[in-house]
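Here is the structure we will look at.
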Amino acid sequence: MRLFLIAFQFLTIIPLPVTLRCEKEDMGRSTAFFPLAGLVIGGALAGCNWLISPWIVRPLCDALLITLLALITGALHLDGLADVCDGLAARGGRERFLAVMKDSQVGAVGAVGLVLALLLKWQALVALPAELKWQALVLFPALSRFGQVLTLTGARHARQDGLGAVFAQGAGGRALFIAFVTAAFAGFYLLGLTGVIALAAVCMFTLAGRTFFQRKLGGLTGDTIGCISELNEILVLVILSALPLIRY
């Protein structure tokens with residue numbers, strides 16, 4: 001329970017009514033519960049959808065859900081996406097890329113990346129069949145957070161002083177296995193084989209993204225992990241909106 005609360009506290013800005021004891025290695029071990037924390041986030045989105053969807057039109061409802069997701073997470077991973085977009089647009093090698101990502105200011109390319117990501121996420125959510133919407137809302141944050149665990153486990157890190165490095169030090173095969181079982185069970189339970197296909201797509205995209213950044217930067221940073229996570233959210237929503245429901 002304590003490790004789950006550590007994961008939930010890191011992934012959201014929702015205050016907890018308890019004070020947690022957190023050792024350095026606990027942060028890595030808590031990654032086992034990232035998909036479970038994602039399910040809680042998704043449950044909050046599904047609950048909000050249930051409350052407001054009867055009263056407002058679908059596109060506005062879905063825009064509010066995307067806004068709520070950004071608020072719950074403190075736009076943590078959106079910030080990583082913007083920083084990576086700026087880094088990719090910068091001229092120069094590895095050190096220039098890392099320096100641009102570390103800059104707290106968002107450049108023009110980062111702003112464009114944010115707008116496009118939010119627009120794609122919103123339109124993919126609008127395109128979801130109504131009968132699958134609540135299941136997709138619960139599932140897509142969980143699969144994206146599993147992608148974070150897969151990104152972290154066994155990866156090299158470009159900086160040794162960032163949050164990504166701290167989480168990676170305690171993450172390992174056991175945490176990855178628990179996270180995968182959670183994500184796979186949730187995917188199959190909520191959306192059958194369609195959910196499993198979405199999980200497989202997350203695995204392939206995550207490994208490809210991790211390989212790209214390790215070659216480009218010699219390792220990962222917290223920003224690159226956040227970027228992959230945001231793109232995984234878009235990927236899952238696009239897949240769920242495009243595929244029919246396959247129960248068996």
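Here, A, B, ... name the chains of the structure tokens in the order displayed, residue numbers run from 1 inside each chain, and ligands are numbered from 1 in the same displayed order.
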I want to know what sits within 9 Å of A:Ala108, based on only C-alpha atoms, with residues of the same chain fewer than 4 positions away left out; could you give that as a JSON list (two decimals) with C-alpha atoms, in the first residue's frame?
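The resulting part.json:
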```
[["chain", "number", "residue", "atom", "x", "y", "z"],
["A", 86, "ASP", "CA", 12.43, 21.84, -28.41],
["A", 112, "VAL", "CA", 3.45, 23.49, -31.34],
["A", 113, "GLY", "CA", 4.14, 19.98, -30.05]]
```
Give me the residues near stretch 116-118 of chain A as a PyMOL selection string, where near means some atom within 9 Å (using only C-alpha atoms) and where sequence neighbours in that chain fewer than 6 positions away do not count. chain A and resi 66+78+81+230-231+234
Just to be explicit: take each residue in the selection above, keep C-alpha atoms, and write the result as a PDB file, in the first residue's frame.
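For reference, selection10.pdb as written:
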```
ATOM      1  CA  ILE A  66      -8.412  16.152 -21.372  1.00  0.00           C
ATOM      2  CA  LEU A  78       3.275  17.355 -21.165  1.00  0.00           C
ATOM      3  CA  LEU A  81       6.928  16.394 -24.404  1.00  0.00           C
ATOM      4  CA  GLU A 230       2.297  11.283 -23.670  1.00  0.00           C
ATOM      5  CA  LEU A 231       2.717   9.716 -27.103  1.00  0.00           C
ATOM      6  CA  ILE A 234      -2.329   9.262 -27.938  1.00  0.00           C
TER       7      ILE A 234
END
```
Go through A:Ala124, A:Leu11, A:Ala175, A:Leu88 one by one, measure the shortest atom-to-atom distance of each to A:Val149 using only C-alpha atoms, and give the residue with the smallest value. A:Ala175
Which parts of stretch 64-129 of chain A does DSSP call helix (DSSP H, G or I) when run on the backbone here, written out as a ChimeraX atom specification? /A:64-72,76-89,94-102,108-126
Hey, can you spit out that residue selection with C-alpha atoms as a CSV table (one decimal), in the first residue's frame?
```csv
chain,number,residue,atom,x,y,z
A,64,LEU,CA,-13.0,19.0,-20.3
A,65,LEU,CA,-11.7,15.4,-19.7
A,66,ILE,CA,-8.4,16.2,-21.4
A,67,THR,CA,-8.2,19.3,-19.3
A,68,LEU,CA,-8.9,17.3,-16.1
A,69,LEU,CA,-6.2,14.8,-17.0
A,70,ALA,CA,-3.7,17.6,-17.3
A,71,LEU,CA,-4.8,19.1,-14.0
A,72,ILE,CA,-4.6,15.8,-12.1
A,76,LEU,CA,4.1,16.7,-15.7
A,77,HIS,CA,4.6,14.6,-18.9
A,78,LEU,CA,3.3,17.4,-21.2
A,79,ASP,CA,6.2,19.4,-20.0
A,80,GLY,CA,8.5,16.6,-21.0
A,81,LEU,CA,6.9,16.4,-24.4
A,82,ALA,CA,7.4,20.1,-25.0
A,83,ASP,CA,11.1,20.0,-23.8
A,84,VAL,CA,11.8,17.0,-26.1
A,85,CYS,CA,10.2,18.8,-29.1
A,86,ASP,CA,12.4,21.8,-28.4
A,87,GLY,CA,15.5,19.6,-28.0
A,88,LEU,CA,14.8,17.8,-31.3
A,89,ALA,CA,14.5,21.2,-33.1
A,94,ARG,CA,23.9,15.6,-27.5
A,95,GLU,CA,25.0,18.4,-25.1
A,96,ARG,CA,23.0,21.0,-26.9
A,97,PHE,CA,19.9,18.7,-26.8
A,98,LEU,CA,20.3,18.1,-23.1
A,99,ALA,CA,20.8,21.8,-22.4
A,100,VAL,CA,17.7,22.8,-24.3
A,101,MET,CA,15.6,20.2,-22.5
A,102,LYS,CA,16.9,21.5,-19.1
A,108,ALA,CA,8.0,27.7,-30.4
A,109,VAL,CA,8.5,24.1,-31.4
A,110,GLY,CA,7.6,22.8,-27.9
A,111,ALA,CA,4.4,24.9,-28.0
A,112,VAL,CA,3.4,23.5,-31.3
A,113,GLY,CA,4.1,20.0,-30.0
A,114,LEU,CA,1.9,20.6,-27.0
A,115,VAL,CA,-0.9,21.9,-29.2
A,116,LEU,CA,-0.7,19.0,-31.6
A,117,ALA,CA,-0.6,16.4,-28.8
A,118,LEU,CA,-3.6,17.8,-27.0
A,119,LEU,CA,-5.5,18.1,-30.3
A,120,LEU,CA,-4.7,14.5,-31.3
A,121,LYS,CA,-5.7,13.3,-27.8
A,122,TRP,CA,-8.9,15.2,-27.9
A,123,GLN,CA,-9.9,14.1,-31.4
A,124,ALA,CA,-9.1,10.5,-30.7
A,125,LEU,CA,-11.2,10.6,-27.6
A,126,VAL,CA,-14.1,12.2,-29.5
```
All residues 7 Å or closer to A:Ser30, only C-alpha atoms, same chain fewer than 4 positions away omitted, as a ChimeraX atom specification: /A:3-4,6-7,26
Smallest atom-to-atom distance to A:Phe146: which of A:Phe212, A:Phe177, A:Phe10, A:Trp55, using only C-alpha atoms?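 Among the listed residues, the smallest separation from A:Phe146 belongs to A:Phe177.
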